[in-house]
file query_37.txt (compact mmCIF, C-alpha atoms)
# COMPACT_ATOMS: atom_id res chain seq x y z
CA MET F 69 -13.15 8.10 -10.13
CA ILE F 70 -15.83 10.33 -11.63
CA ASP F 71 -16.68 14.02 -11.73
CA ILE F 72 -19.74 16.26 -11.39
CA ALA F 73 -21.03 19.16 -13.44
CA GLY F 74 -21.66 21.93 -10.90
CA THR F 75 -20.80 23.53 -7.58
CA GLU F 76 -23.34 21.49 -5.57
CA LEU F 77 -24.34 17.84 -5.56
CA THR F 78 -27.47 16.83 -7.45
CA ASP F 79 -29.54 13.76 -6.63
CA LEU F 80 -27.93 11.98 -9.61
CA ASP F 81 -24.46 12.94 -8.36
CA CYS F 82 -25.23 11.45 -4.96
CA GLU F 83 -26.61 8.27 -6.51
CA ARG F 84 -23.53 7.78 -8.66
CA LEU F 85 -21.06 8.69 -5.92
CA CYS F 86 -22.66 6.06 -3.69
CA HIS F 87 -22.31 3.35 -6.33
CA PRO F 88 -19.96 0.60 -5.08
CA LEU F 89 -17.80 0.83 -8.23
CA VAL F 90 -17.04 4.51 -7.54
CA GLY F 91 -14.14 5.15 -5.19
CA GLY F 92 -13.40 8.81 -5.69
CA ILE F 93 -14.22 12.13 -7.31
CA ILE F 94 -12.05 14.58 -9.22
CA LEU F 95 -12.93 18.28 -9.06
CA PHE F 96 -12.41 20.85 -11.80
CA SER F 97 -12.54 24.63 -12.04
CA ARG F 98 -16.25 24.44 -12.90
CA ASN F 99 -16.86 22.94 -9.44
CA TYR F 100 -15.32 25.94 -7.70
CA ALA F 101 -16.91 29.29 -6.91
CA ASP F 102 -15.12 30.35 -3.73
CA PRO F 103 -13.44 28.75 -0.70
CA GLN F 104 -16.61 28.57 1.37
CA GLN F 105 -18.53 26.84 -1.42
CA LEU F 106 -15.68 24.34 -1.86
CA SER F 107 -15.68 23.53 1.84
CA ALA F 108 -19.42 22.90 1.74
CA LEU F 109 -19.11 20.71 -1.36
CA THR F 110 -16.29 18.57 0.02
CA ALA F 111 -18.10 18.15 3.34
CA ALA F 112 -21.20 16.94 1.48
CA ILE F 113 -19.13 14.47 -0.55
CA HIS F 114 -17.31 13.12 2.50
CA ALA F 115 -20.64 12.62 4.30
CA LEU F 116 -21.93 10.26 1.60
CA ARG F 117 -19.84 7.21 2.45
CA THR F 118 -17.78 5.46 5.12
CA PRO F 119 -14.89 5.23 4.48
CA SER F 120 -15.25 8.51 2.67
CA LEU F 121 -14.64 8.96 -1.03
CA LEU F 122 -11.22 10.23 -2.07
CA ILE F 123 -11.57 13.83 -3.31
CA ALA F 124 -8.84 14.70 -5.79
CA VAL F 125 -7.86 17.58 -8.07
CA ASP F 126 -5.19 18.56 -10.57
CA HIS F 127 -3.50 21.31 -8.58
CA GLU F 128 0.14 21.36 -9.68
CA GLY F 129 0.88 25.08 -9.93
CA GLY F 130 1.47 27.24 -12.97
CA ARG F 131 -1.15 26.72 -15.68
CA VAL F 132 -2.57 23.60 -14.01
CA GLN F 133 -4.24 24.92 -10.87
CA ARG F 134 -7.98 24.35 -10.70
CA PHE F 135 -8.73 26.64 -7.74
CA ARG F 136 -7.29 30.15 -8.01
CA ASP F 137 -9.26 32.99 -6.40
CA GLY F 138 -8.95 32.46 -2.68
CA PHE F 139 -5.93 30.15 -3.04
CA THR F 140 -2.25 30.99 -3.32
CA ARG F 141 -1.13 31.12 -6.94
CA LEU F 142 1.56 28.46 -7.17
CA PRO F 143 4.55 28.70 -9.50
CA PRO F 144 5.12 26.39 -12.48
CA MET F 145 7.56 23.68 -11.46
CA ALA F 146 10.07 24.84 -14.08
CA LEU F 147 10.75 27.90 -11.90
CA LEU F 148 12.01 25.57 -9.19
CA GLY F 149 14.16 23.86 -11.80
CA LYS F 150 15.73 27.17 -12.80
CA LEU F 151 16.46 27.93 -9.16
CA TRP F 152 18.01 24.45 -8.81
CA ASP F 153 20.51 25.35 -11.55
CA ARG F 154 21.78 28.20 -9.35
CA ASP F 155 21.12 26.89 -5.85
CA PRO F 156 20.09 23.23 -5.48
CA ALA F 157 19.66 23.36 -1.71
CA GLY F 158 17.63 26.56 -1.88
CA ALA F 159 15.47 25.13 -4.64
CA CYS F 160 14.71 22.00 -2.61
CA ALA F 161 13.81 24.11 0.43
CA ALA F 162 11.48 26.16 -1.77
CA ALA F 163 9.95 23.03 -3.30
CA ARG F 164 9.10 21.72 0.16
CA GLN F 165 7.44 25.03 0.99
CA VAL F 166 5.46 24.98 -2.25
CA GLY F 167 4.31 21.42 -1.52
CA TYR F 168 3.21 22.41 1.96
CA VAL F 169 1.17 25.40 0.79
CA LEU F 170 -0.38 23.35 -2.01
CA ALA F 171 -1.49 20.55 0.30
CA ALA F 172 -2.34 22.58 3.40
CA GLU F 173 -4.65 24.92 1.51
CA LEU F 174 -6.44 22.07 -0.25
CA ARG F 175 -6.86 20.08 2.95
CA ALA F 176 -8.17 23.13 4.79
CA ARG F 177 -11.02 23.17 2.24
CA GLY F 178 -11.64 19.41 2.39
CA VAL F 179 -9.71 18.20 -0.67
CA ASP F 180 -7.74 15.01 0.04
CA TYR F 181 -5.33 14.61 -2.84
CA SER F 182 -3.67 16.40 -5.72
CA PHE F 183 -2.30 14.66 -8.81
CA THR F 184 1.22 16.00 -8.36
CA PRO F 185 4.22 16.03 -8.86
CA VAL F 186 4.88 15.87 -12.59
CA LEU F 187 7.95 13.64 -13.03
CA ASP F 188 8.22 14.02 -16.81
CA LEU F 189 11.58 15.27 -18.05
CA ASP F 190 11.54 18.56 -19.95
CA TYR F 191 12.87 17.61 -23.37
CA GLY F 192 11.55 20.86 -24.81
CA PRO F 193 9.07 20.35 -27.65
CA SER F 194 6.15 18.70 -25.79
CA ARG F 195 2.83 20.45 -26.42
CA VAL F 196 1.40 19.52 -23.01
CA ILE F 197 4.25 19.23 -20.48
CA GLY F 198 6.49 22.28 -20.92
CA ASP F 199 6.92 24.28 -17.71
CA ARG F 200 4.89 21.70 -15.77
CA ALA F 201 8.15 19.70 -15.59
CA PHE F 202 10.84 20.53 -13.06
CA HIS F 203 13.85 19.99 -15.31
CA ARG F 204 15.48 17.97 -18.06
CA ARG F 205 17.92 16.24 -15.73
CA PRO F 206 16.52 13.33 -13.72
CA GLU F 207 18.64 14.16 -10.66
CA ALA F 208 17.02 17.61 -10.49
CA VAL F 209 13.54 16.13 -10.94
CA ILE F 210 14.20 13.56 -8.19
CA GLN F 211 15.54 16.09 -5.68
CA LEU F 212 12.81 18.65 -6.31
CA ALA F 213 9.94 16.15 -6.43
CA ASP F 214 11.22 14.53 -3.23
CA ALA F 215 11.26 17.91 -1.50
CA LEU F 216 7.80 18.80 -2.80
CA GLY F 217 6.55 15.42 -1.59
CA LYS F 218 7.93 16.12 1.89
CA GLY F 219 5.91 19.33 1.92
CA LEU F 220 2.78 17.45 0.85
CA ARG F 221 3.30 14.87 3.60
CA GLN F 222 3.96 17.62 6.16
CA ALA F 223 0.39 18.79 5.47
CA GLY F 224 -0.93 15.21 5.55
CA MET F 225 -1.31 14.60 1.80
CA GLY F 226 0.08 11.84 -0.40
CA SER F 227 1.83 12.30 -3.73
CA CYS F 228 1.14 11.11 -7.27
CA GLY F 229 3.96 10.85 -9.78
CA LYS F 230 2.93 11.35 -13.39
CA HIS F 231 2.88 10.46 -16.25
CA PHE F 232 4.43 6.97 -16.05
CA PRO F 233 6.77 5.98 -17.62
CA GLY F 234 7.36 9.47 -19.08
CA HIS F 235 5.41 11.92 -21.24
CA GLY F 236 8.08 14.57 -21.74
CA TYR F 237 9.80 13.20 -24.84
CA VAL F 238 6.80 12.99 -27.19
CA ILE F 239 5.50 16.14 -28.85
CA PRO F 240 1.71 15.51 -29.22
CA ASP F 241 -0.77 16.32 -26.45
CA SER F 242 -2.50 13.10 -25.42
CA HIS F 243 -5.68 15.06 -24.60
CA VAL F 244 -6.26 15.46 -28.34
CA GLU F 245 -3.87 13.00 -30.06
CA LEU F 246 -2.27 9.60 -29.48
CA PRO F 247 1.48 10.11 -28.94
CA VAL F 248 3.96 7.37 -29.83
CA ASP F 249 7.40 7.21 -28.21
CA ASP F 250 9.70 5.28 -30.55
CA ARG F 251 12.79 5.19 -28.33
CA ALA F 252 14.55 2.01 -27.29
CA PHE F 253 13.86 0.83 -23.74
CA ASP F 254 17.42 1.66 -22.66
CA ALA F 255 16.92 5.24 -23.84
CA MET F 256 13.95 5.61 -21.47
CA GLN F 257 15.81 4.84 -18.27
CA GLU F 258 16.31 8.50 -17.35
CA ASP F 259 12.55 9.02 -17.57
CA ILE F 260 11.89 5.98 -15.40
CA GLU F 261 14.52 6.75 -12.75
CA PRO F 262 12.31 9.08 -10.64
CA TYR F 263 9.76 6.29 -10.23
CA ARG F 264 12.50 4.00 -8.91
CA LEU F 265 13.80 6.41 -6.31
CA LEU F 266 10.87 8.47 -5.00
CA PRO F 267 8.45 7.45 -2.22
CA LEU F 268 5.17 7.86 -4.09
CA GLY F 269 1.68 7.05 -2.85
CA GLY F 270 0.28 7.02 -6.36
CA VAL F 271 1.39 6.89 -9.97
CA MET F 272 -0.62 8.06 -12.99
CA ALA F 273 -0.01 6.16 -16.20
CA ALA F 274 0.31 7.96 -19.53
CA HIS F 275 -1.79 7.78 -22.69
CA VAL F 276 1.36 7.21 -24.74
CA ILE F 277 2.38 4.16 -26.78
CA TYR F 278 5.97 3.08 -26.14
CA ASN F 279 7.02 0.89 -29.05
CA CYS F 280 9.79 -0.69 -27.01
CA MET F 281 7.21 -2.39 -24.74
CA ASP F 282 4.02 -3.04 -26.71
CA CYS F 283 1.35 -1.51 -28.94
CA ASN F 284 -0.88 -0.25 -26.11
CA THR F 285 -0.56 2.94 -24.12
CA SER F 286 0.87 2.37 -20.65
CA VAL F 287 -2.64 2.81 -19.17
CA PHE F 288 -3.77 -0.32 -21.04
CA SER F 289 -0.50 -2.25 -20.89
CA ASN F 290 -0.19 -5.09 -18.41
CA ARG F 291 3.49 -5.21 -19.38
CA TRP F 292 4.07 -1.65 -18.16
CA ILE F 293 1.99 -2.11 -15.01
CA ASP F 294 3.77 -5.40 -14.27
CA TYR F 295 7.09 -3.63 -14.76
CA LEU F 296 6.02 -0.92 -12.33
CA ARG F 297 4.92 -3.46 -9.74
CA ASN F 298 7.60 -6.13 -10.13
CA ASP F 299 10.73 -4.36 -11.34
CA ILE F 300 10.32 -0.92 -9.78
CA LYS F 301 8.56 -2.50 -6.76
CA PHE F 302 5.85 0.16 -6.57
CA ASP F 303 3.04 -0.89 -4.22
CA GLY F 304 0.85 2.23 -4.21
CA VAL F 305 -2.17 3.23 -6.29
CA VAL F 306 -1.94 3.15 -10.09
CA PHE F 307 -4.29 5.71 -11.64
CA THR F 308 -5.21 5.97 -15.27
CA ASP F 309 -5.05 9.36 -16.85
CA ASP F 310 -8.52 10.55 -17.90
CA LEU F 311 -10.07 7.80 -20.02
CA SER F 312 -12.03 10.41 -21.98
CA MET F 313 -8.84 11.77 -23.54
CA ALA F 314 -8.21 11.16 -27.23
CA GLY F 315 -5.14 9.12 -26.40
CA ALA F 316 -7.38 6.55 -24.68
CA GLY F 317 -9.45 5.86 -27.78
CA ILE F 318 -7.11 3.13 -28.99
CA VAL F 319 -9.15 0.38 -27.26
CA GLY F 320 -12.70 1.48 -28.13
CA ASP F 321 -15.62 2.92 -26.18
CA MET F 322 -15.59 3.86 -22.50
CA LEU F 323 -16.64 0.44 -21.25
CA ALA F 324 -13.79 -1.15 -23.22
CA ARG F 325 -11.37 1.45 -21.84
CA VAL F 326 -12.41 0.78 -18.25
CA GLU F 327 -12.28 -3.00 -18.70
CA THR F 328 -8.88 -2.91 -20.43
CA ALA F 329 -7.27 -0.57 -17.90
CA TYR F 330 -8.54 -2.61 -14.96
CA ALA F 331 -7.36 -5.84 -16.55
CA ALA F 332 -3.94 -4.26 -17.14
CA GLY F 333 -3.62 -3.62 -13.41
CA CYS F 334 -4.72 -0.02 -12.89
CA ASP F 335 -6.38 0.48 -9.50
CA MET F 336 -8.46 3.61 -10.11
CA LEU F 337 -9.94 4.54 -13.46
CA LEU F 338 -10.66 8.21 -14.21
CA VAL F 339 -13.77 8.87 -16.28
CA CYS F 340 -14.10 12.64 -16.62
CA ASN F 341 -16.25 15.03 -18.66
CA ALA F 342 -18.38 12.15 -19.94
CA PRO F 343 -21.53 11.84 -17.78
CA ASP F 344 -23.36 9.58 -20.24
CA ALA F 345 -20.36 7.25 -20.35
CA VAL F 346 -20.26 7.14 -16.54
CA GLY F 347 -23.88 5.99 -16.51
CA SER F 348 -23.15 3.30 -19.07
CA VAL F 349 -20.10 2.02 -17.21
CA LEU F 350 -21.88 1.88 -13.85
CA THR F 351 -24.73 -0.05 -15.46
CA ASN F 352 -22.72 -2.48 -17.58
CA TRP F 353 -19.29 -3.00 -15.99
CA GLN F 354 -19.13 -6.16 -13.90
CA PRO F 355 -15.53 -6.58 -12.72
CA ASP F 356 -14.10 -9.15 -10.37
CA VAL F 357 -13.34 -6.62 -7.65
CA ASP F 358 -9.85 -6.93 -6.16
CA LEU F 359 -10.08 -5.86 -2.50
CA ARG F 360 -6.35 -5.07 -2.39
CA ARG F 361 -6.94 -2.27 -4.88
CA GLY F 362 -9.59 -0.74 -2.64
CA LEU F 363 -7.25 -0.86 0.35
CA ARG F 364 -4.54 0.92 -1.65
CA ILE F 365 -6.98 3.69 -2.52
CA GLU F 366 -8.17 4.01 1.09
CA SER F 367 -4.55 4.51 2.13
CA LEU F 368 -4.54 7.84 0.27
CA ILE F 369 -7.38 9.27 2.35
CA PRO F 370 -5.63 11.60 4.85
CA ASN F 371 -5.70 10.66 8.51
CA ALA F 372 -3.36 13.35 9.82
CA PRO F 373 -4.90 16.34 11.64
CA VAL F 374 -5.91 19.13 9.32
CA LYS F 375 -5.22 22.80 10.01
CA SER F 376 -8.11 25.15 9.41
CA TRP F 377 -7.67 28.13 7.10
CA GLU F 378 -7.54 30.37 10.17
CA GLN F 379 -4.85 28.22 11.78
CA LEU F 380 -2.80 28.34 8.60
CA GLN F 381 -2.70 32.12 8.65
CA VAL F 382 -0.73 32.08 11.92
CA ASP F 383 1.44 29.07 11.01
CA PRO F 384 5.05 30.36 10.78
CA PHE F 385 6.10 27.75 8.18
CA TYR F 386 3.10 28.58 6.01
CA ARG F 387 3.74 32.33 6.22
CA ALA F 388 7.41 31.88 5.33
CA ALA F 389 6.40 29.64 2.44
CA LEU F 390 4.06 32.32 1.09
CA GLN F 391 6.97 34.76 0.99
CA THR F 392 9.13 32.22 -0.84
CA ILE F 393 6.38 31.68 -3.41
CA ALA F 394 5.96 35.43 -3.88
CA ASP F 395 9.70 35.76 -4.49
CA LEU F 396 9.63 32.89 -7.02
CA MET F 397 6.71 34.46 -8.88
CA ALA F 398 8.14 37.99 -8.91

call {"tool": "encode", "arguments": {"input": "query_37.txt", "output": "structure tokens"}}
result
Amino acid sequence: MIDIAGTELTDLDCERLCHPLVGGIILFSRNYADPQQLSALTAAIHALRTPSLLIAVDHEGGRVQRFRDGFTRLPPMALLGKLWDRDPAGACAAARQVGYVLAAELRARGVDYSFTPVLDLDYGPSRVIGDRAFHRRPEAVIQLADALGKGLRQAGMGSCGKHFPGHGYVIPDSHVELPVDDRAFDAMQEDIEPYRLLPLGGVMAAHVIYNCMDCNTSVFSNRWIDYLRNDIKFDGVVFTDDLSMAGAGIVGDMLARVETAYAAGCDMLLVCNAPDAVGSVLTNWQPDVDLRRGLRIESLIPNAPVKSWEQLQVDPFYRAALQTIADLMA
């Protein structure tokens, strides 16, 4: 999964997006000018290939929302957690509404998939998770993420739990450092529990070393990916977190990162904000392609009918959800 620099496709973008080793694209704020431009961009991307490329974005709510002007401002998930402390049923109803608005608005503009929900537990001191997490208690995270996922599915979008097996305990930000979680395996079971119990279409692995398992981050650890597949019985798509992050540097250059993550069992490898590295990987990487991985990724491409932006405005559930979100954000 690669990215592009601007708000329109260049000839080089089209060439790379048509490369057989590319299965998707992730969009960032720099790729967004307004809703009409986004619709045109996603239509152009979808027209490149059959089956079409998966178009994804980090659109969680709070401080991680790539498209803002022209989209509903979504609350940080911690607000739903605070509501859960007072009113669990009401919080779950609100989470479903938030998930629906999130997915319905993206799909109306041609975006297929958002890397959400965050399943990390809020231990407090993390420099990167914070209010992106629903709650400290796994039962709250499970209930709220399940409800949010129902809202996503109601709009025809899959879900992606992150960051497996849990990024909330460590303090460093894996974008700029390599975090190490030194807890015993038994002490991590609360973090892992949401992955056991939630119906997820995708899981994003963390750039964190867990000393209880091995000396690699979970992205590069066949032991963690095997555990996810064979113990947790997860059969969806395993994504790497962005392989350009500092936490991914443990295994070497970008080609080594891609090769190691694929060998560990990750299905889709994110190479973002590194156009030269993308060119090198597409030229030099020669994997034994596993067709099952491609079929998993294709399963995330929505096939449910999509409501247009105009249809959404008269959708009673959507309008009620907007009011709920406004109340949460007040």

call {"tool": "atom_distance", "arguments": {"input": "query_37.txt", "atom1": "atom CA of F:His127", "atom2": "atom CA of F:Gly270"}}
result
14.9 Å

call {"tool": "residues_around", "arguments": {"input": "query_37.txt", "residues": "stretch 306-322 of chain F", "least_positions_apart": "5", "cutoff": "10 Å", "atoms": "all atoms listed in the file", "output": "VMD selection string"}}
result
chain F and resid 69 to 70 183 228 to 232 240 to 248 269 to 277 283 to 288 293 296 to 297 327 to 330 333 to 342 344 to 346 348 to 349 361 364 to 365

call {"tool": "closest_atom_pairs", "arguments": {"input": "query_37.txt", "of": "stretch 301-397 of chain F", "to": "stretch 140-153 of chain F", "cutoff": "8 Å", "atoms": "all atoms listed in the file", "output": "CSV"}}
result
residue,atom,partner,partner_atom,distance
F:Leu390,CA,F:Thr140,CA,7.8
F:Ile393,CA,F:Leu142,CA,6.9
F:Leu396,CA,F:Pro143,CA,7.0
F:Met397,CA,F:Pro143,CA,6.2

call {"tool": "residues_around", "arguments": {"input": "query_37.txt", "residues": "F:Asp126", "least_positions_apart": "5", "cutoff": "10 Å", "atoms": "all atoms listed in the file", "output": "ChimeraX atom specification"}}
result
/F:94-97,132-135,181-185

call {"tool": "closest_residue", "arguments": {"input": "query_37.txt", "among": "F:Glu378, F:Asp294, F:Asp79, F:Asp71", "to": "F:Ala176", "atoms": "all atoms listed in the file"}}
result
F:Glu378

call {"tool": "closest_residue", "arguments": {"input": "query_37.txt", "among": "F:Pro384, F:Gly226, F:Gly347, F:Pro370", "to": "F:Leu89", "atoms": "all atoms listed in the file"}}
result
F:Gly347

call {"tool": "atom_distance", "arguments": {"input": "query_37.txt", "atom1": "atom CA of F:Pro233", "atom2": "atom CA of F:Ile72"}}
result
29.1 Å

call {"tool": "residues_near_point", "arguments": {"input": "query_37.txt", "point": "(4.7, 2.1, -2.8)", "cutoff": "7 Å", "atoms": "only C-alpha atoms", "output": "list of chain:residue names"}}
result
F:Pro267, F:Leu268, F:Gly269, F:Phe302, F:Asp303, F:Gly304

call {"tool": "closest_residue", "arguments": {"input": "query_37.txt", "among": "F:Tyr237, F:Tyr191, F:Ala332, F:Asp81", "to": "F:Asn290", "atoms": "all atoms listed in the file"}}
result
F:Ala332

call {"tool": "residues_around", "arguments": {"input": "query_37.txt", "residues": "F:Glu261", "least_positions_apart": "2", "cutoff": "12 Å", "atoms": "all atoms listed in the file", "output": "PyMOL selection string"}}
result
chain F and resi 187-189+205-211+229+232-234+254-259+263-266+296+299-300

call {"tool": "closest_residue", "arguments": {"input": "query_37.txt", "among": "F:Ala324, F:Ala163, F:Ala388, F:Val179", "to": "F:His114", "atoms": "all atoms listed in the file"}}
result
F:Val179
